[in-house]
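Step one of this worksheet: look at the structure below.
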Amino acid sequence: MTKIERKKLIISLLSLLLIILTSQPLRSENLLHNADFSTTDMDSVPAGWSGKGVRAADGAVLLRSESDSAAFLAQRISGLQTGVHYQLKYELRSLQSSNARIRIEGSMLTTEGKRQPLCSDNWQWQTVKPEWVRKQQIFWMPEEASDTLTFAINLQNKKTGAEIEIKHPVLQVVIPENLPDGLGGVWRLFGGSYPLNDGKEGVLAITAFARHAPGAVLAKIPIDKGELIKLSYSVQGLGESGLLTGFHNYRIELHFSSGEIVRMPWEDVWNSTPQKRTLKIDNRMRKASSIDLHFYVNSEGAVKFKDLALEKYQVTPNEKNKIILTSPAYRQSIYSSFPCEFLAGKFETAANVTDIELHFETSTGQRLAHLLTSEMHFRIPATDLPEGVYLLKATFLDKDQRVVSQQQLEISKLPPAKNEVIIGPERNFYINGKPFLPVVFWAVGGNDDCLEYAATNGMNVYVGRPGREAFALPLLEQALSLGIKVVFGIRHCEDGDLEGWKKRTKELLTAKVLEHPALFAFFLADEPLWTGANLKDLQASYEILRRHDPYHPVWINSAPLSRIEDARPYCLAADINGVDIYPIPYPSPHSSIEDKYPTAVGKYTRNIMSATDGTRAVIMVLQG
């Protein structure tokens, strides 16, 4: 680099630094006037402030509300910069430990003259303690706003009145740190949303804000036109939700630069475990160049978001080519108590597939049937098949007879068992060939009185924890004497040690337990997606259990989630699915369906059936 080039570079850098320094206030500058309340008027109201029921003394302001009127302290600030974040900090205490509704807020006038809230503590009851407590909020000043903002604190207790003190209020420009990856966009925080310092990962706690307003916006994320995009993120509740169920509710809106707005349904989240969620975005027809994500929260606490990622994905033609087996429909297995006259099914194919070559053979490669067809259905005689494992292989061909894709299914004909619990093609249950309608009750301790009471009132299936054979067999005998079947809760592998889980499961489920006529099924997982269960461990646990005992179905219960595509891989790790709707009585804030009445049960049933394309049995779990 020559001296002239170096000189030009230095001048450019100095110019850029000057622009930065002159274009925004210093982060340490307090934009509130008379923030130490050192100057007051004749009524002890701080100069530059307006208020009611206030008195300044010793660097603090005392607000006292009466039962019939509220107290407030406010200041209007002009000449502010837009398009930046501001931080509001203050300290509160109440020597009387006042229980009051407190609202600290900042609001602005838009260029159209409309007042818009920017930051606010929820207008909720809280107790202010005698010790000073420091609080802070971060909020975005939109570009379209005017340069004027009003900071106000309101205090109200309509029953008894209340009093609090405030000191050291600070309003300053801030650059938020520890935010999640912005995906090329810009975070804008509103209300009381705030970043968390959670190790090396950026975490954003988003809170409820003004009615119909987001607690945060991730703006101007660049996206490719005409592409399929997948957004993934981790979400978790924080603090008390204040809702009847204890869940936190959140929703994401997609605002495309092309003008369309897609409102996703409300979702539930809990405090215990972070949940991985994905959201598929179809930009093929919209052809937008960027997208804004609006985050809404319904909770007195917050919802934490982190690990945001955006990636393109494609639906390849090969994914559409598959065999759908309709007979045998359950576990691709033929049972002695549920004979199968034909192997039957249909094909789903992409547009470029014209023919399918189908082979049916033994596991050793002996061909039993072969056909080349353009039909979308097939049927192969199966009455005289000996017991064993078979392979059904499909090769999907294009018009030039070139291979597009291939698929293989494993079909089993099982030896007879003493007790076979089968799910039929219409998703009904059969025990040794006879229909059975389960009416289920959950673990009540397993003592004689409880089981007898449940049986007397029409219950016929009990869900309980398993134990060693010495515990399991007496329970099964007791249930059998009352005409009750038993579902044992075999919790799936959670630590990745599949071999250890397999060994422990086999020790619990001995031959005597598996052959007992009171055994009905196994309960593998409760709300696995909602609780963040490892999908690979869950699927592997199902395969281990299914192969150890092919004669009893496996059950997974799901939370009332809204997006079927999220639930599908978890539902496929079981033979029985269901939804745990809590609570049933109206009004209930459970999940996304607007119907909060008992009729929501039917809608959730359709949802969970769609998650498995109607191939699994359904048992709904209802809680009042």
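Identifiers for the structure tokens are assigned positionally: chains receive A, B, ... in sequence, residues are indexed from 1 per chain, and ligands are indexed from 1 in the order shown.
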Problem set entry | Test item: residues at most 12 Å from Gly51 in chain A, only C-alpha atoms, excluding those fewer than 3 positions along its chain, as a PyMOL selection string | chain A and resi 40-41+43-48+54-56+61-65+70-76+151-155
Problem set entry | Nearest-residue call for Phe436 in chain A, choices A:Ala511, A:Ile490, A:Leu149, A:Ile422, using only C-alpha atoms | A:Ile422
For this session: Apply DSSP to the structure's backbone, then extract all residues of range 243-431 of chain A labelled strand (DSSP E) and return them as a VMD selection string.
Result: chain A and resid 248 to 256 261 to 263 267 to 269 275 to 282 290 to 298 302 to 313 322 to 327 333 to 334 342 to 348 355 to 362 367 to 373 377 to 381 388 to 397 403 to 413 421 to 423 429 to 431
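Considering only C-alpha atoms, the residue among A:Ile544, A:Val463, A:Leu476, A:Leu409 positioned nearest to His359 in chain A is A:Leu409.
All residues of protein, DNA or RNA that reach within 10 Å of Gln539 in chain A, judged by only C-alpha atoms and not counting those fewer than 2 positions away in the chain, are His492, Cys493, Asn534, Leu535, Lys536, Asp537, Ser541, Tyr542, Glu543, Ile544, Pro569, Tyr570, Cys571, Leu572, Ala573 and Ala574 of chain A.
For the residues A:Trp530, A:Tyr313, A:Tyr335, A:Phe520, ranking by smallest atom-to-atom distance to Gly237 in chain A using only C-alpha atoms places A:Trp530 first.
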For this session: Find the spatial neighbours of range 598-601 of chain A, counting only C-alpha atoms, within a cut-off of 10 Å - ignore same-chain residues fewer than 2 positions away - and output them as a list in words.
Result: Pro560, Val579, Asp580, Ile581, Pro583, Ile584, Pro585, Tyr586, Ile593, Glu594, Asp595, Lys596, Lys603, Tyr604, Thr605, Arg606, Asn607, Met620, Val621 and Leu622 of chain A
Dump C-alpha atoms for the selected residues as an mmCIF file, in the first residue's frame?
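Output (result00.cif):
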```cif
data_model
loop_
_atom_site.group_PDB
_atom_site.id
_atom_site.type_symbol
_atom_site.label_atom_id
_atom_site.label_comp_id
_atom_site.auth_asym_id
_atom_site.auth_seq_id
_atom_site.Cartn_x
_atom_site.Cartn_y
_atom_site.Cartn_z
ATOM 1 C CA PRO A 560 -51.723 -30.445 22.312
ATOM 2 C CA VAL A 579 -53.141 -35.991 23.077
ATOM 3 C CA ASP A 580 -53.094 -34.902 26.705
ATOM 4 C CA ILE A 581 -55.572 -32.002 26.704
ATOM 5 C CA PRO A 583 -57.564 -28.713 31.237
ATOM 6 C CA ILE A 584 -60.736 -29.640 29.372
ATOM 7 C CA PRO A 585 -63.281 -27.249 30.997
ATOM 8 C CA TYR A 586 -63.799 -23.815 29.420
ATOM 9 C CA ILE A 593 -56.954 -24.434 18.724
ATOM 10 C CA GLU A 594 -59.414 -21.595 19.228
ATOM 11 C CA ASP A 595 -62.066 -24.045 20.427
ATOM 12 C CA LYS A 596 -61.566 -24.234 24.227
ATOM 13 C CA LYS A 603 -60.172 -31.489 16.632
ATOM 14 C CA TYR A 604 -57.071 -32.691 18.477
ATOM 15 C CA THR A 605 -57.996 -36.263 17.557
ATOM 16 C CA ARG A 606 -58.011 -35.328 13.868
ATOM 17 C CA ASN A 607 -54.670 -33.568 14.302
ATOM 18 C CA MET A 620 -57.075 -39.426 23.995
ATOM 19 C CA VAL A 621 -56.085 -38.397 27.522
ATOM 20 C CA LEU A 622 -58.556 -35.966 29.093
#
```
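Minimum atom-to-atom distances from A:Cys450, A:Leu392, A:Ala302, A:Leu437 to Lys322 in chain A were compared using only C-alpha atoms, and the lowest value belongs to A:Leu392.
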Problem set entry | Counting only C-alpha atoms, the residue of A:Pro117, A:Gly202, A:Pro222, A:Gly614 that sits nearest Gly184 in chain A | A:Pro222
Write out as a PDB file with N, CA and C atoms, in the first residue's frame each polymer residue whose atoms come within 12 Å of Asn457 in chain A, counting only C-alpha atoms; drop sequence neighbours fewer than 4 positions from it.
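Done, and the output landed in part_18.pdb:
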```pdb
ATOM      1  N   VAL A 439     -61.073 -48.429  28.093  1.00  0.00           N
ATOM      2  CA  VAL A 439     -61.486 -47.274  28.894  1.00  0.00           C
ATOM      3  C   VAL A 439     -60.441 -47.165  29.994  1.00  0.00           C
ATOM      4  N   VAL A 440     -59.574 -46.163  29.893  1.00  0.00           N
ATOM      5  CA  VAL A 440     -58.302 -46.177  30.628  1.00  0.00           C
ATOM      6  C   VAL A 440     -58.347 -45.247  31.833  1.00  0.00           C
ATOM      7  N   PHE A 441     -57.711 -45.669  32.928  1.00  0.00           N
ATOM      8  CA  PHE A 441     -57.456 -44.762  34.045  1.00  0.00           C
ATOM      9  C   PHE A 441     -55.983 -44.854  34.425  1.00  0.00           C
ATOM     10  N   CYS A 450     -58.723 -49.449  45.157  1.00  0.00           N
ATOM     11  CA  CYS A 450     -58.730 -48.529  44.009  1.00  0.00           C
ATOM     12  C   CYS A 450     -59.058 -49.271  42.723  1.00  0.00           C
ATOM     13  N   LEU A 451     -58.409 -50.402  42.497  1.00  0.00           N
ATOM     14  CA  LEU A 451     -58.659 -51.154  41.277  1.00  0.00           C
ATOM     15  C   LEU A 451     -60.091 -51.669  41.222  1.00  0.00           C
ATOM     16  N   GLU A 452     -60.585 -52.129  42.346  1.00  0.00           N
ATOM     17  CA  GLU A 452     -61.950 -52.659  42.379  1.00  0.00           C
ATOM     18  C   GLU A 452     -62.958 -51.537  42.135  1.00  0.00           C
ATOM     19  N   TYR A 453     -62.707 -50.368  42.727  1.00  0.00           N
ATOM     20  CA  TYR A 453     -63.601 -49.228  42.522  1.00  0.00           C
ATOM     21  C   TYR A 453     -63.623 -48.822  41.056  1.00  0.00           C
ATOM     22  N   VAL A 461     -58.795 -50.636  31.730  1.00  0.00           N
ATOM     23  CA  VAL A 461     -57.345 -50.592  31.499  1.00  0.00           C
ATOM     24  C   VAL A 461     -56.715 -49.685  32.553  1.00  0.00           C
ATOM     25  N   LEU A 482     -60.173 -58.799  38.303  1.00  0.00           N
ATOM     26  CA  LEU A 482     -61.180 -57.733  38.214  1.00  0.00           C
ATOM     27  C   LEU A 482     -61.589 -57.435  36.776  1.00  0.00           C
ATOM     28  N   GLY A 483     -61.019 -58.178  35.819  1.00  0.00           N
ATOM     29  CA  GLY A 483     -61.335 -57.934  34.414  1.00  0.00           C
ATOM     30  C   GLY A 483     -60.663 -56.703  33.852  1.00  0.00           C
ATOM     31  N   ILE A 484     -59.508 -56.347  34.410  1.00  0.00           N
ATOM     32  CA  ILE A 484     -58.782 -55.144  33.987  1.00  0.00           C
ATOM     33  C   ILE A 484     -57.490 -55.535  33.288  1.00  0.00           C
TER      34      ILE A 484
END
```
